[in-house]
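Student: Please find one structure pasted underneath; my questions will follow.
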Amino acid sequence: MSVEVIDCEQGTEDWFKARLGIPTASRLADVMAKGEGKTRARYMHELVAETLRGSAEQDTYTNAHMERGKEQESEARNLYALLKDADPLLVGFLRNGRKGASPDSLLGTDGGLEIKTALGHIQVERLQRGTLPPEHVAQVQGTLWVSERDWWDFMSYSPGLPPLIVRVSRDEDYIKTLAAAVDAFNDELDLIANSLRDPRGMFRKAAA
């Protein structure tokens, strides 16, 4: 598969359209969720609904905390550019077959950048560990898989504290596991969506 770079602003109608009905890197942890499977099932049902409806439920809710997070992400990107003498490229969405990602930036021809803002106590903990936080492994490796790039810098940022920047290389074994999980997820998604349509593509009536 080839990578399609979709030039749009994240959070806009075009962005929602680009990612319609496909698993994305930020939700791959949900795809791989174990246990009772409620997290995976909920994400599955969200994408089935998008597929049947032909549109996404756009969450336009925002608050002061979310707006502050957006501002801090921009601050973090500017700081990264300064520290690394880099020129981060903003893109809207990457699509590669039936998977996608919304990178915070692309870097050159081989890399990219994922930014997470953090409260102070979380940042201190991350700085002490000095590694990619486990809760973000699926997203970063998933973005590497989608983008077909070689490395990704993870940056954790909290104003007034040192930034954490960790370079992450492709983990091919982990990516194989991701690929198998996403293939199974998409097969199940198709099965559910098709079961809710009649042969003409319309919705089945609920049984009386």
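In the structure tokens, each chain is lettered A, B, ... as it comes, each chain's residues begin at 1, and ligands are numbered from 1 in order of appearance.
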Can you tell me, as a list in words, what residues are no more than 12 Å from Asp85 in chain A when counting only C-alpha atoms, ignoring any on the same chain fewer than 5 positions away?

Tutor: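 Once the adjacent positions are removed, what remains is Arg77, Asn78, Leu79, Tyr80, Leu107 and Gly108 of chain A.
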
Student: Just want the 9 Å neighbourhood of Ala181 in chain A, counted on only C-alpha atoms, with same-chain residues fewer than 5 positions away dropped. Output as a ChimeraX atom specification.

Tutor: /A:28,31-32,176,186

Student: Restrict the selected residues to N, CA and C atoms and save them as a JSON list (two decimals), in the first residue's frame.

Tutor:
[["chain", "number", "residue", "atom", "x", "y", "z"],
["A", 28, "LEU", "N", -5.40, 2.51, 18.27],
["A", 28, "LEU", "CA", -4.95, 1.13, 18.11],
["A", 28, "LEU", "C", -4.85, 0.39, 19.44],
["A", 31, "VAL", "N", -8.08, -1.22, 19.68],
["A", 31, "VAL", "CA", -8.17, -2.40, 18.80],
["A", 31, "VAL", "C", -7.53, -3.61, 19.46],
["A", 32, "MET", "N", -6.44, -3.38, 20.19],
["A", 32, "MET", "CA", -5.69, -4.47, 20.81],
["A", 32, "MET", "C", -6.12, -4.75, 22.25],
["A", 176, "LYS", "N", 3.94, -6.30, 13.25],
["A", 176, "LYS", "CA", 3.26, -7.49, 12.74],
["A", 176, "LYS", "C", 2.05, -7.84, 13.60],
["A", 186, "ASN", "N", -10.85, -5.24, 11.10],
["A", 186, "ASN", "CA", -11.54, -4.79, 9.89],
["A", 186, "ASN", "C", -12.44, -5.88, 9.33]]

Student: Check the DSSP output for the backbone and give back, as a list in words, the residues of range 55-199 of chain A in strand (DSSP E).

Tutor: Phe93, Leu94, Arg95, Gly100, Ala101, Ser105, Leu106, Leu107, Gly111, Gly112, Leu113, Glu114, Ile115, Lys116, Thr117, Trp151, Trp152, Asp153, Phe154, Met155, Ser156, Tyr157, Leu164, Ile165, Val166, Arg167, Val168 and Ser169 of chain A

Student: Got time to write the residues from that selection, N, CA and C atoms, as a PDB file, in the first residue's frame?

Tutor:
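Contents of result_39.pdb, as written:
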ATOM      1  N   PHE A  93      -3.767  14.275   7.651  1.00  0.00           N
ATOM      2  CA  PHE A  93      -4.055  12.860   7.867  1.00  0.00           C
ATOM      3  C   PHE A  93      -3.251  12.018   6.892  1.00  0.00           C
ATOM      4  N   LEU A  94      -2.801  10.868   7.377  1.00  0.00           N
ATOM      5  CA  LEU A  94      -2.137   9.880   6.531  1.00  0.00           C
ATOM      6  C   LEU A  94      -3.046   8.668   6.435  1.00  0.00           C
ATOM      7  N   ARG A  95      -3.281   8.224   5.208  1.00  0.00           N
ATOM      8  CA  ARG A  95      -4.098   7.028   5.004  1.00  0.00           C
ATOM      9  C   ARG A  95      -3.275   6.002   4.241  1.00  0.00           C
ATOM     10  N   GLY A 100      -5.094   4.506   9.324  1.00  0.00           N
ATOM     11  CA  GLY A 100      -4.682   5.894   9.157  1.00  0.00           C
ATOM     12  C   GLY A 100      -4.050   6.447  10.421  1.00  0.00           C
ATOM     13  N   ALA A 101      -3.568   7.670  10.306  1.00  0.00           N
ATOM     14  CA  ALA A 101      -2.938   8.343  11.438  1.00  0.00           C
ATOM     15  C   ALA A 101      -2.988   9.841  11.227  1.00  0.00           C
ATOM     16  N   SER A 105       3.458  16.022  13.372  1.00  0.00           N
ATOM     17  CA  SER A 105       4.334  16.614  12.352  1.00  0.00           C
ATOM     18  C   SER A 105       5.081  15.492  11.650  1.00  0.00           C
ATOM     19  N   LEU A 106       5.488  15.752  10.406  1.00  0.00           N
ATOM     20  CA  LEU A 106       6.445  14.907   9.709  1.00  0.00           C
ATOM     21  C   LEU A 106       7.796  15.590   9.756  1.00  0.00           C
ATOM     22  N   LEU A 107       8.850  14.791   9.804  1.00  0.00           N
ATOM     23  CA  LEU A 107      10.207  15.324   9.883  1.00  0.00           C
ATOM     24  C   LEU A 107      11.045  14.719   8.765  1.00  0.00           C
ATOM     25  N   GLY A 111      11.137  10.527   9.241  1.00  0.00           N
ATOM     26  CA  GLY A 111      10.696  10.586  10.622  1.00  0.00           C
ATOM     27  C   GLY A 111       9.432  11.395  10.837  1.00  0.00           C
ATOM     28  N   GLY A 112       9.072  11.498  12.108  1.00  0.00           N
ATOM     29  CA  GLY A 112       7.895  12.257  12.477  1.00  0.00           C
ATOM     30  C   GLY A 112       7.928  12.606  13.951  1.00  0.00           C
ATOM     31  N   LEU A 113       6.883  13.305  14.402  1.00  0.00           N
ATOM     32  CA  LEU A 113       6.841  13.814  15.767  1.00  0.00           C
ATOM     33  C   LEU A 113       5.461  13.599  16.366  1.00  0.00           C
ATOM     34  N   GLU A 114       5.448  13.028  17.564  1.00  0.00           N
ATOM     35  CA  GLU A 114       4.224  12.891  18.347  1.00  0.00           C
ATOM     36  C   GLU A 114       4.391  13.706  19.622  1.00  0.00           C
ATOM     37  N   ILE A 115       3.476  14.646  19.866  1.00  0.00           N
ATOM     38  CA  ILE A 115       3.549  15.528  21.026  1.00  0.00           C
ATOM     39  C   ILE A 115       2.433  15.201  21.996  1.00  0.00           C
ATOM     40  N   LYS A 116       2.787  15.046  23.258  1.00  0.00           N
ATOM     41  CA  LYS A 116       1.803  14.900  24.318  1.00  0.00           C
ATOM     42  C   LYS A 116       2.090  15.948  25.383  1.00  0.00           C
ATOM     43  N   THR A 117       1.085  16.732  25.732  1.00  0.00           N
ATOM     44  CA  THR A 117       1.251  17.676  26.832  1.00  0.00           C
ATOM     45  C   THR A 117       0.900  16.951  28.130  1.00  0.00           C
ATOM     46  N   TRP A 151      11.566   6.234  11.898  1.00  0.00           N
ATOM     47  CA  TRP A 151      11.657   6.624  13.301  1.00  0.00           C
ATOM     48  C   TRP A 151      10.641   7.710  13.605  1.00  0.00           C
ATOM     49  N   TRP A 152      10.350   7.828  14.894  1.00  0.00           N
ATOM     50  CA  TRP A 152       9.373   8.831  15.346  1.00  0.00           C
ATOM     51  C   TRP A 152       9.871   9.381  16.671  1.00  0.00           C
ATOM     52  N   ASP A 153       9.876  10.692  16.807  1.00  0.00           N
ATOM     53  CA  ASP A 153      10.234  11.302  18.083  1.00  0.00           C
ATOM     54  C   ASP A 153       8.986  11.546  18.914  1.00  0.00           C
ATOM     55  N   PHE A 154       9.002  11.004  20.124  1.00  0.00           N
ATOM     56  CA  PHE A 154       7.926  11.252  21.086  1.00  0.00           C
ATOM     57  C   PHE A 154       8.376  12.383  21.991  1.00  0.00           C
ATOM     58  N   MET A 155       7.545  13.422  22.092  1.00  0.00           N
ATOM     59  CA  MET A 155       7.869  14.570  22.942  1.00  0.00           C
ATOM     60  C   MET A 155       6.768  14.775  23.969  1.00  0.00           C
ATOM     61  N   SER A 156       7.163  14.757  25.241  1.00  0.00           N
ATOM     62  CA  SER A 156       6.243  15.090  26.321  1.00  0.00           C
ATOM     63  C   SER A 156       6.609  16.483  26.814  1.00  0.00           C
ATOM     64  N   TYR A 157       5.595  17.333  26.914  1.00  0.00           N
ATOM     65  CA  TYR A 157       5.846  18.753  27.199  1.00  0.00           C
ATOM     66  C   TYR A 157       4.955  19.245  28.329  1.00  0.00           C
ATOM     67  N   LEU A 164      10.686  16.054  27.489  1.00  0.00           N
ATOM     68  CA  LEU A 164      11.201  14.707  27.261  1.00  0.00           C
ATOM     69  C   LEU A 164      11.088  14.420  25.773  1.00  0.00           C
ATOM     70  N   ILE A 165      12.196  14.074  25.147  1.00  0.00           N
ATOM     71  CA  ILE A 165      12.191  13.707  23.730  1.00  0.00           C
ATOM     72  C   ILE A 165      12.845  12.329  23.605  1.00  0.00           C
ATOM     73  N   VAL A 166      12.086  11.382  23.100  1.00  0.00           N
ATOM     74  CA  VAL A 166      12.558  10.013  22.949  1.00  0.00           C
ATOM     75  C   VAL A 166      12.426   9.601  21.491  1.00  0.00           C
ATOM     76  N   ARG A 167      13.512   9.151  20.896  1.00  0.00           N
ATOM     77  CA  ARG A 167      13.448   8.665  19.508  1.00  0.00           C
ATOM     78  C   ARG A 167      13.065   7.194  19.519  1.00  0.00           C
ATOM     79  N   VAL A 168      12.037   6.878  18.745  1.00  0.00           N
ATOM     80  CA  VAL A 168      11.503   5.522  18.692  1.00  0.00           C
ATOM     81  C   VAL A 168      11.708   4.954  17.294  1.00  0.00           C
ATOM     82  N   SER A 169      12.344   3.801  17.219  1.00  0.00           N
ATOM     83  CA  SER A 169      12.529   3.113  15.943  1.00  0.00           C
ATOM     84  C   SER A 169      11.409   2.110  15.722  1.00  0.00           C
TER      85      SER A 169
END

Student: With distances taken over only C-alpha atoms, which residue among A:Thr177, A:Ser102, A:Asp150, A:Ala49 lies nearest Asn194 in chain A?

Tutor: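 Ranked by minimum distance to Asn194 in chain A, first place goes to A:Ala49.
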
Student: Between A:Ala29, A:Ala56, A:Cys8, A:Ala18, single out the one closest to Pro134 in chain A, counting only C-alpha atoms.

Tutor: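 The shortest atom-to-atom distance to Pro134 in chain A comes from A:Ala29.
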
Student: So which residues of range 32-109 of chain A fall under helix (DSSP H, G or I) by DSSP, listed as an MDAnalysis selection string?

Tutor: chainID A and resid 38:53 64:84

Student: With a distance cut-off of 8 Å and only C-alpha atoms, select the neighbouring residues of range 190-193 of chain A, excluding the residue or stretch itself and same-chain residues fewer than 4 positions from it, and output the selection as a PDB file with all heavy atoms, in the first residue's frame.

Tutor:
ATOM      1  N   VAL A  48     -18.524   0.982  12.768  1.00  0.00           N
ATOM      2  CA  VAL A  48     -19.647   0.412  12.023  1.00  0.00           C
ATOM      3  C   VAL A  48     -20.700   1.486  11.770  1.00  0.00           C
ATOM      4  O   VAL A  48     -21.233   1.619  10.657  1.00  0.00           O
ATOM      5  CB  VAL A  48     -20.263  -0.779  12.789  1.00  0.00           C
ATOM      6  CG1 VAL A  48     -21.591  -1.199  12.142  1.00  0.00           C
ATOM      7  CG2 VAL A  48     -19.313  -1.967  12.796  1.00  0.00           C
ATOM      8  N   THR A  51     -19.543   3.723   9.074  1.00  0.00           N
ATOM      9  CA  THR A  51     -19.602   3.055   7.785  1.00  0.00           C
ATOM     10  C   THR A  51     -21.024   3.031   7.239  1.00  0.00           C
ATOM     11  O   THR A  51     -21.263   3.323   6.058  1.00  0.00           O
ATOM     12  CB  THR A  51     -19.066   1.614   7.917  1.00  0.00           C
ATOM     13  OG1 THR A  51     -17.708   1.660   8.376  1.00  0.00           O
ATOM     14  CG2 THR A  51     -19.124   0.880   6.589  1.00  0.00           C
ATOM     15  N   LEU A  52     -21.974   2.690   8.082  1.00  0.00           N
ATOM     16  CA  LEU A  52     -23.370   2.614   7.639  1.00  0.00           C
ATOM     17  C   LEU A  52     -23.956   3.992   7.351  1.00  0.00           C
ATOM     18  O   LEU A  52     -24.713   4.178   6.396  1.00  0.00           O
ATOM     19  CB  LEU A  52     -24.217   1.904   8.697  1.00  0.00           C
ATOM     20  CG  LEU A  52     -23.922   0.413   8.913  1.00  0.00           C
ATOM     21  CD1 LEU A  52     -24.756  -0.118  10.074  1.00  0.00           C
ATOM     22  CD2 LEU A  52     -24.198  -0.380   7.653  1.00  0.00           C
ATOM     23  N   ASN A 186     -10.846  -5.238  11.100  1.00  0.00           N
ATOM     24  CA  ASN A 186     -11.537  -4.794   9.891  1.00  0.00           C
ATOM     25  C   ASN A 186     -12.440  -5.884   9.326  1.00  0.00           C
ATOM     26  O   ASN A 186     -13.536  -5.597   8.818  1.00  0.00           O
ATOM     27  CB  ASN A 186     -10.524  -4.351   8.832  1.00  0.00           C
ATOM     28  CG  ASN A 186      -9.983  -2.957   9.087  1.00  0.00           C
ATOM     29  OD1 ASN A 186     -10.668  -2.113   9.667  1.00  0.00           O
ATOM     30  ND2 ASN A 186      -8.759  -2.696   8.663  1.00  0.00           N
ATOM     31  N   ARG A 197     -27.098  -4.666   6.627  1.00  0.00           N
ATOM     32  CA  ARG A 197     -27.591  -4.192   5.332  1.00  0.00           C
ATOM     33  C   ARG A 197     -28.347  -5.320   4.634  1.00  0.00           C
ATOM     34  O   ARG A 197     -28.049  -6.488   4.814  1.00  0.00           O
ATOM     35  CB  ARG A 197     -26.435  -3.780   4.414  1.00  0.00           C
ATOM     36  CG  ARG A 197     -25.600  -2.610   4.868  1.00  0.00           C
ATOM     37  CD  ARG A 197     -24.709  -2.196   3.705  1.00  0.00           C
ATOM     38  NE  ARG A 197     -23.780  -1.134   4.050  1.00  0.00           N
ATOM     39  CZ  ARG A 197     -22.491  -1.305   4.303  1.00  0.00           C
ATOM     40  NH1 ARG A 197     -21.976  -2.528   4.250  1.00  0.00           N
ATOM     41  NH2 ARG A 197     -21.715  -0.287   4.584  1.00  0.00           N
TER      42      ARG A 197
END

Student: Using CA of Asp173 in chain A and CA of Val91 in chain A as the two end points, give the distance in Å to one decimal.

Tutor: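 For CA of Asp173 in chain A relative to CA of Val91 in chain A, the distance reads 27.5 Å.
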
Student: CA of Gly54 in chain A and CA of Gly21 in chain A, how far apart in Å?

Tutor: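 Between CA of Gly21 in chain A and CA of Gly54 in chain A the gap works out to 8.3 Å.
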